[in-house]
file my_file_8.txt (compact mmCIF, N, CA and C atoms)
# COMPACT_ATOMS: atom_id res chain seq x y z
N MET W 1 288.89 -25.41 74.92
CA MET W 1 289.55 -26.35 75.77
C MET W 1 289.78 -27.63 75.01
N SER W 2 291.02 -28.03 74.92
CA SER W 2 291.32 -29.25 74.18
C SER W 2 291.78 -30.34 75.16
N TYR W 3 291.46 -31.56 74.81
CA TYR W 3 291.84 -32.70 75.63
C TYR W 3 292.93 -33.48 74.92
N SER W 4 293.83 -34.03 75.70
CA SER W 4 294.91 -34.81 75.12
C SER W 4 294.40 -36.22 74.81
N THR W 5 294.62 -36.67 73.62
CA THR W 5 294.20 -38.02 73.23
C THR W 5 295.38 -38.98 73.20
N ASN W 6 296.50 -38.58 73.75
CA ASN W 6 297.69 -39.44 73.75
C ASN W 6 297.70 -40.43 74.91
N LEU W 7 296.68 -40.46 75.73
CA LEU W 7 296.62 -41.39 76.86
C LEU W 7 296.29 -42.79 76.37
N PRO W 8 296.85 -43.81 76.99
CA PRO W 8 296.48 -45.17 76.61
C PRO W 8 295.03 -45.44 76.98
N PRO W 9 294.36 -46.33 76.28
CA PRO W 9 292.94 -46.57 76.54
C PRO W 9 292.69 -47.18 77.93
N HIS W 10 293.61 -48.00 78.41
CA HIS W 10 293.46 -48.62 79.73
C HIS W 10 294.72 -48.38 80.53
N PRO W 11 294.58 -48.10 81.83
CA PRO W 11 295.79 -47.92 82.62
C PRO W 11 296.57 -49.23 82.73
N ARG W 12 297.88 -49.10 82.75
CA ARG W 12 298.73 -50.28 82.83
C ARG W 12 298.68 -50.86 84.23
N ARG W 13 298.52 -52.17 84.33
CA ARG W 13 298.47 -52.82 85.64
C ARG W 13 299.87 -53.24 86.04
N LEU W 14 300.19 -53.05 87.30
CA LEU W 14 301.48 -53.44 87.82
C LEU W 14 301.37 -54.83 88.45
N ASP W 15 302.33 -55.65 88.14
CA ASP W 15 302.40 -56.96 88.77
C ASP W 15 303.32 -56.83 89.98
N LEU W 16 302.73 -56.68 91.16
CA LEU W 16 303.52 -56.46 92.36
C LEU W 16 304.28 -57.69 92.81
N ASP W 17 303.95 -58.86 92.29
CA ASP W 17 304.67 -60.08 92.65
C ASP W 17 305.86 -60.35 91.73
N SER W 18 306.03 -59.54 90.71
CA SER W 18 307.15 -59.76 89.80
C SER W 18 308.46 -59.42 90.49
N PRO W 19 309.57 -60.04 90.06
CA PRO W 19 310.86 -59.75 90.70
C PRO W 19 311.25 -58.28 90.60
N GLN W 20 310.74 -57.60 89.62
CA GLN W 20 311.06 -56.18 89.43
C GLN W 20 310.58 -55.34 90.61
N HIS W 21 309.48 -55.74 91.27
CA HIS W 21 308.88 -54.97 92.34
C HIS W 21 309.16 -55.52 93.72
N CYS W 22 309.95 -56.60 93.85
CA CYS W 22 310.24 -57.19 95.15
C CYS W 22 311.31 -56.39 95.87
N LYS W 23 311.20 -56.40 97.21
CA LYS W 23 312.21 -55.72 98.01
C LYS W 23 313.53 -56.46 97.94
N ALA W 24 314.58 -55.71 98.05
CA ALA W 24 315.90 -56.34 98.10
C ALA W 24 316.13 -56.87 99.51
N GLY W 25 316.78 -57.97 99.62
CA GLY W 25 317.11 -58.52 100.93
C GLY W 25 316.25 -59.72 101.27
N PRO W 26 316.41 -60.23 102.48
CA PRO W 26 315.76 -61.48 102.87
C PRO W 26 314.28 -61.34 103.20
N THR W 27 313.77 -60.12 103.37
CA THR W 27 312.37 -59.98 103.75
C THR W 27 311.47 -60.17 102.53
N ALA W 28 310.25 -60.58 102.81
CA ALA W 28 309.29 -60.81 101.72
C ALA W 28 308.65 -59.49 101.32
N HIS W 29 308.07 -59.48 100.16
CA HIS W 29 307.38 -58.31 99.65
C HIS W 29 306.16 -58.03 100.52
N ALA W 30 305.90 -56.78 100.78
CA ALA W 30 304.80 -56.42 101.67
C ALA W 30 303.45 -56.81 101.10
N MET W 31 303.34 -56.88 99.78
CA MET W 31 302.06 -57.21 99.17
C MET W 31 301.91 -58.71 98.89
N SER W 32 302.95 -59.49 99.15
CA SER W 32 302.83 -60.92 98.88
C SER W 32 302.06 -61.58 100.02
N PRO W 33 301.37 -62.69 99.74
CA PRO W 33 300.60 -63.36 100.79
C PRO W 33 301.52 -63.83 101.91
N ALA W 34 301.01 -63.80 103.11
CA ALA W 34 301.79 -64.25 104.26
C ALA W 34 301.99 -65.76 104.18
N ALA W 35 303.08 -66.21 104.75
CA ALA W 35 303.36 -67.65 104.77
C ALA W 35 302.32 -68.35 105.61
N ARG W 36 301.93 -69.53 105.20
CA ARG W 36 300.94 -70.30 105.92
C ARG W 36 301.52 -70.82 107.23
N ASP W 37 300.74 -70.70 108.26
CA ASP W 37 301.14 -71.19 109.57
C ASP W 37 300.20 -72.34 109.93
N SER W 38 300.71 -73.32 110.65
CA SER W 38 299.87 -74.48 110.99
C SER W 38 298.74 -74.07 111.91
N THR W 39 298.94 -73.07 112.78
CA THR W 39 297.85 -72.62 113.64
C THR W 39 296.77 -71.92 112.83
N ALA W 40 297.14 -71.26 111.75
CA ALA W 40 296.14 -70.61 110.91
C ALA W 40 295.26 -71.65 110.23
N ASP W 41 295.84 -72.78 109.85
CA ASP W 41 295.05 -73.83 109.22
C ASP W 41 294.06 -74.44 110.19
N THR W 42 294.45 -74.61 111.45
CA THR W 42 293.51 -75.18 112.42
C THR W 42 292.39 -74.20 112.72
N ARG W 43 292.66 -72.89 112.68
CA ARG W 43 291.60 -71.93 112.90
C ARG W 43 290.60 -71.96 111.75
N GLN W 44 291.05 -72.24 110.55
CA GLN W 44 290.14 -72.28 109.41
C GLN W 44 289.28 -73.54 109.45
N THR W 45 289.81 -74.66 109.92
CA THR W 45 289.03 -75.88 109.94
C THR W 45 288.08 -75.91 111.13
N ASN W 46 288.41 -75.21 112.22
CA ASN W 46 287.55 -75.14 113.39
C ASN W 46 287.07 -73.71 113.58
N PRO W 47 285.99 -73.33 112.89
CA PRO W 47 285.53 -71.95 113.02
C PRO W 47 285.00 -71.73 114.44
N PRO W 48 285.02 -70.51 114.91
CA PRO W 48 284.49 -70.24 116.25
C PRO W 48 283.00 -70.54 116.29
N PRO W 49 282.48 -70.96 117.43
CA PRO W 49 281.06 -71.31 117.50
C PRO W 49 280.19 -70.09 117.26
N ARG W 50 279.10 -70.32 116.62
CA ARG W 50 278.15 -69.24 116.34
C ARG W 50 277.07 -69.31 117.40
N TYR W 51 276.78 -68.21 118.03
CA TYR W 51 275.79 -68.16 119.10
C TYR W 51 274.53 -67.44 118.64
N LEU W 52 273.40 -67.94 119.14
CA LEU W 52 272.10 -67.36 118.83
C LEU W 52 271.44 -66.90 120.11
N THR W 53 270.65 -65.87 120.03
CA THR W 53 269.86 -65.41 121.17
C THR W 53 268.70 -66.37 121.39
N ASN W 54 267.95 -66.15 122.47
CA ASN W 54 266.80 -67.01 122.76
C ASN W 54 265.77 -66.94 121.63
N ASP W 55 265.49 -65.74 121.15
CA ASP W 55 264.50 -65.59 120.07
C ASP W 55 264.99 -66.23 118.77
N GLU W 56 266.28 -66.07 118.46
CA GLU W 56 266.82 -66.67 117.24
C GLU W 56 266.82 -68.18 117.32
N ALA W 57 267.17 -68.73 118.50
CA ALA W 57 267.17 -70.18 118.68
C ALA W 57 265.76 -70.73 118.57
N ALA W 58 264.81 -70.02 119.16
CA ALA W 58 263.41 -70.46 119.08
C ALA W 58 262.92 -70.45 117.63
N ALA W 59 263.29 -69.44 116.88
CA ALA W 59 262.89 -69.38 115.47
C ALA W 59 263.53 -70.52 114.68
N LEU W 60 264.80 -70.82 114.98
CA LEU W 60 265.48 -71.91 114.29
C LEU W 60 264.79 -73.25 114.55
N LEU W 61 264.41 -73.48 115.81
CA LEU W 61 263.77 -74.75 116.19
C LEU W 61 262.26 -74.74 115.97
N ARG W 62 261.74 -73.58 115.59
CA ARG W 62 260.29 -73.39 115.40
C ARG W 62 259.53 -73.68 116.70
N LEU W 63 260.07 -73.13 117.78
CA LEU W 63 259.44 -73.21 119.09
C LEU W 63 259.15 -71.80 119.56
N SER W 64 258.34 -71.71 120.59
CA SER W 64 258.11 -70.43 121.22
C SER W 64 259.33 -70.06 122.06
N PRO W 65 259.70 -68.80 122.08
CA PRO W 65 260.81 -68.40 122.95
C PRO W 65 260.52 -68.74 124.42
N ARG W 66 259.27 -68.67 124.80
CA ARG W 66 258.88 -69.01 126.17
C ARG W 66 259.14 -70.48 126.47
N THR W 67 259.00 -71.36 125.47
CA THR W 67 259.29 -72.79 125.67
C THR W 67 260.75 -72.99 126.04
N LEU W 68 261.63 -72.31 125.35
CA LEU W 68 263.05 -72.42 125.68
C LEU W 68 263.34 -71.86 127.08
N GLU W 69 262.66 -70.78 127.44
CA GLU W 69 262.85 -70.22 128.78
C GLU W 69 262.42 -71.21 129.85
N LYS W 70 261.29 -71.86 129.64
CA LYS W 70 260.81 -72.87 130.60
C LYS W 70 261.76 -74.05 130.68
N GLN W 71 262.26 -74.49 129.53
CA GLN W 71 263.16 -75.64 129.52
C GLN W 71 264.50 -75.32 130.19
N ARG W 72 264.91 -74.06 130.19
CA ARG W 72 266.12 -73.69 130.92
C ARG W 72 265.93 -73.86 132.41
N VAL W 73 264.72 -73.59 132.91
CA VAL W 73 264.44 -73.70 134.33
C VAL W 73 264.15 -75.14 134.72
N ILE W 74 263.30 -75.80 133.98
CA ILE W 74 262.85 -77.15 134.32
C ILE W 74 263.86 -78.20 133.90
N GLY W 75 264.53 -77.97 132.78
CA GLY W 75 265.46 -78.94 132.21
C GLY W 75 264.86 -79.58 130.98
N GLY W 76 265.70 -80.30 130.25
CA GLY W 76 265.24 -80.99 129.05
C GLY W 76 265.45 -80.22 127.77
N GLY W 77 265.88 -78.98 127.86
CA GLY W 77 266.10 -78.17 126.67
C GLY W 77 267.54 -78.27 126.19
N PRO W 78 267.86 -77.53 125.16
CA PRO W 78 269.24 -77.54 124.64
C PRO W 78 270.20 -76.86 125.62
N ARG W 79 271.47 -77.20 125.51
CA ARG W 79 272.50 -76.56 126.33
C ARG W 79 272.55 -75.08 125.99
N PHE W 80 272.80 -74.27 127.01
CA PHE W 80 272.88 -72.83 126.79
C PHE W 80 274.10 -72.28 127.50
N HIS W 81 274.48 -71.08 127.13
CA HIS W 81 275.65 -70.40 127.68
C HIS W 81 275.19 -69.08 128.26
N LYS W 82 275.78 -68.70 129.38
CA LYS W 82 275.48 -67.41 129.99
C LYS W 82 276.70 -66.51 129.84
N PHE W 83 276.52 -65.36 129.23
CA PHE W 83 277.54 -64.34 129.12
C PHE W 83 277.01 -63.13 129.88
N GLY W 84 277.37 -63.06 131.17
CA GLY W 84 276.79 -62.03 132.02
C GLY W 84 275.33 -62.37 132.24
N ARG W 85 274.45 -61.45 131.89
CA ARG W 85 273.01 -61.72 131.99
C ARG W 85 272.43 -62.28 130.70
N ARG W 86 273.23 -62.33 129.67
CA ARG W 86 272.74 -62.75 128.35
C ARG W 86 272.79 -64.27 128.22
N VAL W 87 271.71 -64.85 127.74
CA VAL W 87 271.62 -66.28 127.47
C VAL W 87 271.82 -66.49 125.98
N MET W 88 272.76 -67.36 125.63
CA MET W 88 273.05 -67.63 124.22
C MET W 88 273.08 -69.14 124.00
N TYR W 89 272.70 -69.54 122.81
CA TYR W 89 272.73 -70.95 122.42
C TYR W 89 273.73 -71.12 121.29
N ALA W 90 274.63 -72.09 121.44
CA ALA W 90 275.56 -72.40 120.35
C ALA W 90 274.78 -73.16 119.28
N LEU W 91 275.03 -72.83 118.04
CA LEU W 91 274.33 -73.48 116.93
C LEU W 91 274.57 -74.98 116.93
N VAL W 92 275.79 -75.39 117.28
CA VAL W 92 276.14 -76.81 117.32
C VAL W 92 275.30 -77.52 118.38
N ASP W 93 275.10 -76.88 119.54
CA ASP W 93 274.30 -77.50 120.61
C ASP W 93 272.83 -77.62 120.21
N LEU W 94 272.32 -76.62 119.50
CA LEU W 94 270.93 -76.70 119.05
C LEU W 94 270.73 -77.83 118.05
N GLU W 95 271.69 -77.98 117.13
CA GLU W 95 271.57 -79.05 116.14
C GLU W 95 271.69 -80.42 116.80
N ALA W 96 272.58 -80.55 117.79
CA ALA W 96 272.73 -81.83 118.50
C ALA W 96 271.47 -82.16 119.29
N TRP W 97 270.89 -81.16 119.95
CA TRP W 97 269.68 -81.37 120.72
C TRP W 97 268.52 -81.79 119.82
N ALA W 98 268.40 -81.14 118.67
CA ALA W 98 267.32 -81.46 117.75
C ALA W 98 267.51 -82.85 117.13
N SER W 99 268.73 -83.21 116.78
CA SER W 99 268.94 -84.51 116.16
C SER W 99 268.79 -85.65 117.17
N ALA W 100 268.99 -85.37 118.46
CA ALA W 100 268.79 -86.41 119.48
C ALA W 100 267.30 -86.70 119.68
N ARG W 101 266.44 -85.88 119.15
CA ARG W 101 265.00 -86.07 119.29
C ARG W 101 264.33 -86.51 118.00
N SER W 102 265.05 -87.25 117.20
CA SER W 102 264.44 -87.77 115.97
C SER W 102 264.11 -89.25 116.17
N PHE W 103 262.91 -89.63 115.77
CA PHE W 103 262.42 -90.99 115.94
C PHE W 103 261.81 -91.47 114.64
N GLU W 104 261.78 -92.78 114.46
CA GLU W 104 261.15 -93.37 113.27
C GLU W 104 259.62 -93.30 113.38
N THR W 105 259.09 -93.82 114.46
CA THR W 105 257.64 -93.83 114.68
C THR W 105 257.37 -93.59 116.17
N THR W 106 256.10 -93.44 116.51
CA THR W 106 255.76 -93.30 117.92
C THR W 106 255.86 -94.64 118.65
N PHE W 107 256.03 -95.73 117.90
CA PHE W 107 256.23 -97.04 118.53
C PHE W 107 257.72 -97.36 118.69
N ASP W 108 258.56 -96.44 118.30
CA ASP W 108 260.00 -96.61 118.47
C ASP W 108 260.31 -96.78 119.96
N PRO W 109 261.05 -97.84 120.35
CA PRO W 109 261.33 -98.06 121.78
C PRO W 109 261.99 -96.86 122.46
N GLU W 110 262.85 -96.16 121.74
CA GLU W 110 263.48 -94.97 122.33
C GLU W 110 262.43 -93.89 122.60
N TYR W 111 261.46 -93.77 121.72
CA TYR W 111 260.41 -92.79 121.91
C TYR W 111 259.57 -93.15 123.13
N LEU W 112 259.24 -94.44 123.25
CA LEU W 112 258.42 -94.88 124.37
C LEU W 112 259.17 -94.72 125.69
N ASP W 113 260.49 -94.90 125.67
CA ASP W 113 261.26 -94.71 126.90
C ASP W 113 261.27 -93.24 127.33
N ARG W 114 261.31 -92.35 126.40
CA ARG W 114 261.36 -90.92 126.72
C ARG W 114 259.98 -90.35 127.02
N HIS W 115 258.95 -90.96 126.50
CA HIS W 115 257.59 -90.46 126.67
C HIS W 115 256.74 -91.55 127.32
N PRO W 116 256.77 -91.68 128.64
CA PRO W 116 256.05 -92.77 129.29
C PRO W 116 254.54 -92.68 129.09
N GLY W 117 254.01 -91.50 128.84
CA GLY W 117 252.58 -91.37 128.59
C GLY W 117 252.17 -91.90 127.23
N ALA W 118 253.13 -92.25 126.39
CA ALA W 118 252.82 -92.74 125.05
C ALA W 118 252.56 -94.24 125.03
N GLN W 119 252.70 -94.93 126.18
CA GLN W 119 252.45 -96.37 126.23
C GLN W 119 250.99 -96.64 125.91
N ARG W 120 250.75 -97.62 125.07
CA ARG W 120 249.37 -97.97 124.71
C ARG W 120 248.91 -99.09 125.63
N ASP W 121 247.86 -98.81 126.37
CA ASP W 121 247.34 -99.81 127.30
C ASP W 121 246.25 -100.66 126.66
N ASP W 122 245.76 -100.29 125.51
CA ASP W 122 244.64 -101.00 124.89
C ASP W 122 245.10 -102.22 124.09
N GLN W 123 246.35 -102.58 124.15
CA GLN W 123 246.82 -103.72 123.35
C GLN W 123 246.61 -105.01 124.08
call {"tool": "encode", "arguments": {"input": "my_file_8.txt", "output": "structure tokens"}}
result
Amino acid sequence: MSYSTNLPPHPRRLDLDSPQHCKAGPTAHAMSPAARDSTADTRQTNPPPRYLTNDEAAALLRLSPRTLEKQRVIGGGPRFHKFGRRVMYALVDLEAWASARSFETTFDPEYLDRHPGAQRDDQ
């Protein structure tokens, strides 16, 4: 059995964007990139919100999943979304909720306003 050695070492690559391979007429080549649309650009800059389950949100915030469940009933927790029976948290809402709870010190006036039990009476 003999093999032909007349084959080129590498297959020739076709440039599908070259004028030689373009369709005749006013239509664009099927393999060429689609024309940019302004609505496509807005979709790229505003990605759809990413949702997390209760367990995933709790892991992100380093809280117990039960804590988030209690805060949904009592209030004071992050905003949540209901899709049927499923509870989901938008990542943006979790980050906003967490950043709203950042304080410099326990003597920060905002901290004292939110935590009335933190008032020091021994002063």
call {"tool": "atom_distance", "arguments": {"input": "my_file_8.txt", "atom1": "atom N of Leu68 (chain W)", "atom2": "atom C of Asn46 (chain W)"}}
result
28.1 Å
call {"tool": "atom_distance", "arguments": {"input": "my_file_8.txt", "atom1": "atom C of Val92 (chain W)", "atom2": "atom N of Pro47 (chain W)"}}
result
12.7 Å
call {"tool": "atom_distance", "arguments": {"input": "my_file_8.txt", "atom1": "CA of Ser64 (chain W)", "atom2": "atom C of Ala90 (chain W)"}}
result
17.0 Å
call {"tool": "residues_around", "arguments": {"input": "my_file_8.txt", "residues": "region 73-79 of chain W", "least_positions_apart": "5", "cutoff": "6.5 Å", "atoms": "only N, CA and C atoms", "output": "PyMOL selection string"}}
result
chain W and resi 68+88-90+93-94+97
call {"tool": "closest_residue", "arguments": {"input": "my_file_8.txt", "among": "W:Phe107, W:Arg101, W:Leu52, W:Thr45", "to": "Phe80 (chain W)", "atoms": "only C-alpha atoms"}}
result
W:Leu52
call {"tool": "closest_residue", "arguments": {"input": "my_file_8.txt", "among": "W:Arg66, W:His81, W:Arg86, W:Arg72", "to": "Arg50 (chain W)", "atoms": "only C-alpha atoms"}}
result
W:His81
call {"tool": "closest_residue", "arguments": {"input": "my_file_8.txt", "among": "W:Val87, W:Asp113, W:Ser102, W:Lys70", "to": "Asn54 (chain W)", "atoms": "only C-alpha atoms"}}
result
W:Val87
call {"tool": "decode", "arguments": {"input": "my_file_8.txt", "residues": "region 65-99 of chain W", "atoms": "N, CA and C atoms", "output": "tab-separated table (two decimals), in the first residue's frame"}}
result
chain	number	residue	atom	x	y	z
W	65	PRO	N	-28.91	30.77	55.26
W	65	PRO	CA	-30.10	30.86	54.42
W	65	PRO	C	-31.36	31.15	55.25
W	66	ARG	N	-31.40	30.64	56.45
W	66	ARG	CA	-32.53	30.89	57.34
W	66	ARG	C	-32.64	32.37	57.70
W	67	THR	N	-31.52	33.07	57.81
W	67	THR	CA	-31.54	34.51	58.10
W	67	THR	C	-32.25	35.26	56.99
W	68	LEU	N	-31.95	34.92	55.76
W	68	LEU	CA	-32.63	35.58	54.64
W	68	LEU	C	-34.12	35.24	54.63
W	69	GLU	N	-34.46	34.01	54.98
W	69	GLU	CA	-35.88	33.63	55.03
W	69	GLU	C	-36.61	34.45	56.09
W	70	LYS	N	-36.00	34.62	57.25
W	70	LYS	CA	-36.62	35.43	58.31
W	70	LYS	C	-36.75	36.88	57.89
W	71	GLN	N	-35.72	37.41	57.24
W	71	GLN	CA	-35.77	38.81	56.83
W	71	GLN	C	-36.81	39.05	55.74
W	72	ARG	N	-37.13	38.03	54.95
W	72	ARG	CA	-38.21	38.19	53.97
W	72	ARG	C	-39.55	38.35	54.66
W	73	VAL	N	-39.74	37.68	55.79
W	73	VAL	CA	-41.00	37.75	56.53
W	73	VAL	C	-41.05	39.01	57.39
W	74	ILE	N	-40.01	39.25	58.14
W	74	ILE	CA	-39.99	40.36	59.11
W	74	ILE	C	-39.69	41.69	58.43
W	75	GLY	N	-38.84	41.66	57.41
W	75	GLY	CA	-38.39	42.88	56.73
W	75	GLY	C	-36.96	43.18	57.10
W	76	GLY	N	-36.37	44.12	56.38
W	76	GLY	CA	-35.00	44.52	56.65
W	76	GLY	C	-33.96	43.81	55.80
W	77	GLY	N	-34.37	42.82	55.03
W	77	GLY	CA	-33.44	42.09	54.19
W	77	GLY	C	-33.35	42.70	52.80
W	78	PRO	N	-32.57	42.07	51.93
W	78	PRO	CA	-32.45	42.57	50.56
W	78	PRO	C	-33.75	42.35	49.78
W	79	ARG	N	-33.93	43.13	48.73
W	79	ARG	CA	-35.10	42.97	47.85
W	79	ARG	C	-35.03	41.59	47.21
W	80	PHE	N	-36.20	40.99	47.02
W	80	PHE	CA	-36.25	39.68	46.39
W	80	PHE	C	-37.34	39.67	45.34
W	81	HIS	N	-37.29	38.67	44.48
W	81	HIS	CA	-38.24	38.52	43.39
W	81	HIS	C	-38.88	37.15	43.53
W	82	LYS	N	-40.17	37.08	43.22
W	82	LYS	CA	-40.88	35.81	43.24
W	82	LYS	C	-41.21	35.42	41.81
W	83	PHE	N	-40.78	34.26	41.39
W	83	PHE	CA	-41.11	33.69	40.10
W	83	PHE	C	-41.90	32.41	40.40
W	84	GLY	N	-43.23	32.56	40.45
W	84	GLY	CA	-44.05	31.43	40.89
W	84	GLY	C	-43.81	31.21	42.37
W	85	ARG	N	-43.39	30.01	42.73
W	85	ARG	CA	-43.06	29.73	44.13
W	85	ARG	C	-41.58	29.96	44.43
W	86	ARG	N	-40.81	30.25	43.42
W	86	ARG	CA	-39.37	30.38	43.58
W	86	ARG	C	-39.00	31.80	44.02
W	87	VAL	N	-38.16	31.91	45.02
W	87	VAL	CA	-37.64	33.19	45.50
W	87	VAL	C	-36.24	33.37	44.94
W	88	MET	N	-36.02	34.50	44.29
W	88	MET	CA	-34.72	34.78	43.68
W	88	MET	C	-34.27	36.18	44.10
W	89	TYR	N	-32.97	36.35	44.20
W	89	TYR	CA	-32.37	37.64	44.54
W	89	TYR	C	-31.54	38.11	43.35
W	90	ALA	N	-31.76	39.34	42.93
W	90	ALA	CA	-30.93	39.92	41.87
W	90	ALA	C	-29.58	40.28	42.49
W	91	LEU	N	-28.52	40.00	41.77
W	91	LEU	CA	-27.17	40.27	42.27
W	91	LEU	C	-27.00	41.75	42.56
W	92	VAL	N	-27.58	42.60	41.73
W	92	VAL	CA	-27.48	44.05	41.91
W	92	VAL	C	-28.14	44.46	43.23
W	93	ASP	N	-29.30	43.86	43.55
W	93	ASP	CA	-29.99	44.18	44.80
W	93	ASP	C	-29.20	43.73	46.02
W	94	LEU	N	-28.56	42.58	45.92
W	94	LEU	CA	-27.74	42.10	47.04
W	94	LEU	C	-26.55	43.02	47.29
W	95	GLU	N	-25.91	43.46	46.20
W	95	GLU	CA	-24.76	44.36	46.36
W	95	GLU	C	-25.20	45.71	46.92
W	96	ALA	N	-26.35	46.21	46.48
W	96	ALA	CA	-26.85	47.50	47.00
W	96	ALA	C	-27.21	47.37	48.48
W	97	TRP	N	-27.84	46.28	48.86
W	97	TRP	CA	-28.22	46.06	50.25
W	97	TRP	C	-26.98	45.96	51.14
W	98	ALA	N	-25.97	45.25	50.67
W	98	ALA	CA	-24.75	45.10	51.46
W	98	ALA	C	-23.98	46.42	51.57
W	99	SER	N	-23.92	47.19	50.49
W	99	SER	CA	-23.18	48.44	50.55
W	99	SER	C	-23.90	49.49	51.39
